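Read the structure below first, then the notes.
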Amino acid sequence: MQTSQNHQSSASVHSVFHQPVQGIESYRLPHIQILDNNTCSDGGSQGTSGSYQTHKEQFHTLESSTATNGLIAYDSPSAVSISSNRSPFSPQGSHSYLSDPHQSPDNAYGSPLSGSSGVDDGNEFMYKLRELERTLLEDSCSCCFQSGAHQGISAQGRNLMEMIPMLNLKDVLLYCAKMVSEGEGDLLTAVDLMLVLEQMVSVSGEPIQRLGAYMLEGLRARLEFSGSKIYKALKCEQPTSSDLMSYMSVLFQICPYWKFAYRSMNVVIGEAVANEPRIHIIDFQIAQGTQYMYLIHALAKRHGGPPSLRITGIDDSQSLHARGGGLDVVGKRLAEVAASCNVPFAFHDASVSACEIELKHLIIQPGEAIVVNFPYVLHHMPDESVSTLNPRDRLLRLVKSLSPKVVTIAEQESNTNTSPFYYRFCETMDYYMAMFESIDVACPRDDKQRINAEQHCVARDIVNMIACEDAERVERHELLGKWTLRLKMAGFMPYAMSPSVTNAVRDMLKEYSTNYSVVEHNGALYLRWINRNMATSSAWR
């Protein structure tokens with residue numbers, strides 16, 4: 001769900017905010033590294049409090065924890081283990097601070113199913129923030145950097161280090177984001193908090209510790225770096241094509257997000273073209289073509305014989321790198337599947353990005369039943385807040401001009417497009433906390449493939465949403481309510497999904513945790529983790 005035409009490669013994180021904070025050199029952060037401070041042994045508890053232990057600490061950097069073990073030990077007087085008696089998979093679920101999208105300033109179009117994975121009372125959270133702020137304000141020590149046990153940290157920061165056992169990781173992350181959002185006057189406090197956070201996060205820890213590691217990197221990148229320097233900041237080696245494909249496969253297998261999209265879209269497409277002899281599917285993020293391997297088999301069984309199928313694929317840079325070649329690789333693979341099923345088949349590579357697509361690239365032929373597929377890709381299109389050209393709405397109008405039989409759309413149900421930074425940070429934490437919890441129940445925390453998959457396939461989206469602004473921020477999710485307004489303005493109307501679509505998704509979810517569920521509302525499907533909406537699938541015509 002992270003691919004974009006703007007990504008230079010699967011391992012290339014998006015460029016960050018290109019206006020560095022004035023005077024940041026005087027508050028220079030230490031060399032960035034993602035710490036693995038995990039010392040948990042109880043396995044399933046949700047981090048709400050800290051335990052302070054003395055031991056030889058291990059850590060991963062984004063560089064060292066790739067396909068090899070890469071564990072580097074160093075002597076440290078302390079490490080933090082976040083633990084509590086509250087299970088992350090209890091009915092309270094993901095413990096968010098901006099869990100209701102209605103609270104976001106730009107959410108006038110919130111989903112009626114906008115419950116999240118566990119709503120912490122907003123007043124309680126503001127009380128916690130005020131308490132933490134009061135603690136910082138009461139520290140009258142000098143705020144100048146000094147040498148000592150924590151070289152490069154202020155006296156206030158050293159006091160915070162001593163308070164780690166009493167600090168809540170989520171509170172510290174949110175307060176640090178608040179300091180970053182409020183500008184230069186609070187930069188020193190932000191720096192101190194980042195150094196404290198280093199001791200609290202872990203890429204092999206509990207969900208909040210893992211998420212915290214990547215959110216910390218996003219905050220640092222936003223505060224300290226600009227443009228291409230983000231690559232150095234993350235210290236992330238570009239994985240090989242085979243490694244990246246392996247990481248993507250891990251997430252595809254342990255999480256149902258892509259299968260939810262593919263299964264629901266295929267059932268809708270199959271029903272919409274049930275009587276059509278010639279079908280032309282235009283896919284704006286065809287990736288490895290996995291969706292159509294399933295669809296071709298289904299079309300082969302159609303009563304009266306299979307139709308003629310033509311697929312136009314639009315590529316993205318991440319998939320290009322993962323497969324180690326262009327869309328001809330996908331076309332050849334699908335042609336082999338079609339031949340084995342006796343389905344007449346042709347493949348067309350549009351050879352342009354989704355932002356650049358024009359009618360001439362699609363080679364529409366008379367008599368074809370046109371289907372357009374948008375699997376987790378529309379949120380990568382810049383909208384009116386980024387460019388006066390508004391590629392997002394332009395693309396929808398272009399698709400409408402094709403008079404398609406059906407348009408299928410899957411999107412993450414999150415609100416990060418035009419929200420101010422701090423609200424966007426809170427929404428990102430809420431959404432990805434639920435995602436990391438869902439991964440946690442499916443894969444061991446010390447699994448190296450899981451660590452690599454999160455770093456190369458999930459962390460990049462998180463960093464982009466936190467560190468980047470303007471055109472550099474390509475992860476711009478909107479709620480289904482807002483997509484509905486855009487689609488209706490482009491001339492579309494909802495295409496009613498049959499009960500078969502919901503049933504197909506429910507059958508697929510039997511392979512996964514019972515914390516997943518699917519809910520139908522106003523003709524669209526919502527994939528949920530506990531009570532947080534994670535993704536939607538909808539159809540239009």
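Each chain of the structure tokens is named A, B, ... in the order shown, its residues numbered from 1; ligands are numbered from 1 in display order.
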If we count only C-alpha atoms, what is near stretch 432-439 of chain A at a cut-off of 7 Å, once residues fewer than 2 positions away on the same chain are taken out, given as an MDAnalysis selection string? chainID A and resid 88 94 117 207:208 211 254:255 428:430 441:443 529
If you run DSSP on the backbone here, which positions in stretch 441-501 of chain A get helix (DSSP H, G or I)? Please write them as a ChimeraX atom specification. /A:448-457,459-467,470-472,480-489,499-501
Find the residues near stretch 366-379 of chain A: any atom within 8 Å, counting only C-alpha atoms, skip ones fewer than 6 places away on the same chain, and give them as a PyMOL selection string. chain A and resi 1-4+261-262+265+269+273+276+278-285+392+399+402-412+474-478
Dump C-alpha atoms for the selected residues as a PDB file, in the first residue's frame?
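Written out: selection_9.pdb:
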ATOM      1  CA  MET A   1       0.000   0.000   0.000  1.00  0.00           C
ATOM      2  CA  GLN A   2       2.957   2.219  -0.182  1.00  0.00           C
ATOM      3  CA  THR A   3       3.839   2.209  -3.817  1.00  0.00           C
ATOM      4  CA  SER A   4       3.904   5.414  -5.792  1.00  0.00           C
ATOM      5  CA  ALA A 261      -8.830  -5.706  -2.046  1.00  0.00           C
ATOM      6  CA  TYR A 262      -8.162  -8.402  -4.638  1.00  0.00           C
ATOM      7  CA  MET A 265     -12.590  -6.381  -6.577  1.00  0.00           C
ATOM      8  CA  ILE A 269     -15.571  -7.321 -11.757  1.00  0.00           C
ATOM      9  CA  VAL A 273     -18.899  -8.268 -16.944  1.00  0.00           C
ATOM     10  CA  GLU A 276     -19.480  -9.493 -21.891  1.00  0.00           C
ATOM     11  CA  ARG A 278     -14.635  -8.792 -24.658  1.00  0.00           C
ATOM     12  CA  ILE A 279     -13.229  -7.301 -21.486  1.00  0.00           C
ATOM     13  CA  HIS A 280     -10.578  -4.609 -21.108  1.00  0.00           C
ATOM     14  CA  ILE A 281      -9.268  -4.058 -17.564  1.00  0.00           C
ATOM     15  CA  ILE A 282      -7.158  -0.975 -16.892  1.00  0.00           C
ATOM     16  CA  ASP A 283      -5.172  -1.374 -13.671  1.00  0.00           C
ATOM     17  CA  PHE A 284      -3.464   1.687 -12.229  1.00  0.00           C
ATOM     18  CA  GLN A 285      -1.148  -0.313  -9.968  1.00  0.00           C
ATOM     19  CA  ARG A 392      -6.289  13.307  -8.445  1.00  0.00           C
ATOM     20  CA  VAL A 399     -11.716   7.475 -16.209  1.00  0.00           C
ATOM     21  CA  LEU A 402     -14.245   5.997 -20.730  1.00  0.00           C
ATOM     22  CA  SER A 403     -17.813   5.022 -19.686  1.00  0.00           C
ATOM     23  CA  PRO A 404     -16.558   1.976 -17.765  1.00  0.00           C
ATOM     24  CA  LYS A 405     -18.838  -0.876 -16.769  1.00  0.00           C
ATOM     25  CA  VAL A 406     -17.419  -0.605 -13.260  1.00  0.00           C
ATOM     26  CA  VAL A 407     -14.598   1.122 -11.375  1.00  0.00           C
ATOM     27  CA  THR A 408     -13.220  -0.670  -8.317  1.00  0.00           C
ATOM     28  CA  ILE A 409     -11.336   1.206  -5.603  1.00  0.00           C
ATOM     29  CA  ALA A 410      -9.518   0.006  -2.487  1.00  0.00           C
ATOM     30  CA  GLU A 411      -8.023   2.543  -0.108  1.00  0.00           C
ATOM     31  CA  GLN A 412      -6.695   2.768   3.419  1.00  0.00           C
ATOM     32  CA  VAL A 474       3.089  11.292  -1.496  1.00  0.00           C
ATOM     33  CA  GLU A 475       1.168   9.356   1.171  1.00  0.00           C
ATOM     34  CA  ARG A 476      -2.095  11.330   1.242  1.00  0.00           C
ATOM     35  CA  HIS A 477      -4.922   9.137   2.482  1.00  0.00           C
ATOM     36  CA  GLU A 478      -8.540  10.218   2.606  1.00  0.00           C
TER      37      GLU A 478
END
So how far away is atom CA of A:Gly331 from atom CA of A:Leu244, in Å?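 Calculated distance between atom CA of A:Leu244 and atom CA of A:Gly331 is 20.4 Å.
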If you take only C-alpha atoms and a cut-off of 6 Å, which residues of stretch 202-289 of chain A touch stretch 445-467 of chain A, and what are their nearest atom pairs and distances in Å to one decimal, in chain and number order, as a tab-separated table?
residue	atom	partner	partner_atom	distance
A:Ser204	CA	A:Arg445	CA	5.2
A:Tyr214	CA	A:Ala459	CA	5.8
A:Gly218	CA	A:Val463	CA	4.3
A:Ala221	CA	A:Ala467	CA	5.6
A:Arg222	CA	A:Ala467	CA	4.1
A:Tyr247	CA	A:Ala453	CA	4.4
May I have the residues from that selection written out with C-alpha atoms, as a PDB file, in the first residue's frame?
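Saved as selection_21.pdb:
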ATOM      1  CA  SER A 204      11.758  -6.091  17.689  1.00  0.00           C
ATOM      2  CA  TYR A 214       9.747   4.588  12.833  1.00  0.00           C
ATOM      3  CA  GLY A 218      10.117  10.577  10.891  1.00  0.00           C
ATOM      4  CA  ALA A 221      14.004  13.580   9.493  1.00  0.00           C
ATOM      5  CA  ARG A 222      11.458  16.406   9.642  1.00  0.00           C
ATOM      6  CA  TYR A 247       9.495  -8.823   2.299  1.00  0.00           C
TER       7      TYR A 247
END
Which residues come within 12 Å of A:Glu271, counting only C-alpha atoms, excluding same-chain residues fewer than 4 positions away, as a list of chain:residue names?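 So, after excluding close chain neighbours, the residues are A:Ser264, A:Met265, A:Asn266, A:Val267, A:Asn275, A:Glu276, A:Leu295, A:Ala298, A:Leu299, A:Arg302, A:Val371, A:Lys405, A:Val406, A:Tyr495, A:Ala496, A:Met497, A:Ser498, A:Pro499, A:Ser500, A:Val501, A:Ala539.
If only C-alpha atoms are the atoms counted, then among A:Ser202, A:Ser385, A:Ser353, A:Val343 the closest residue to A:Asp315 is A:Ser353.
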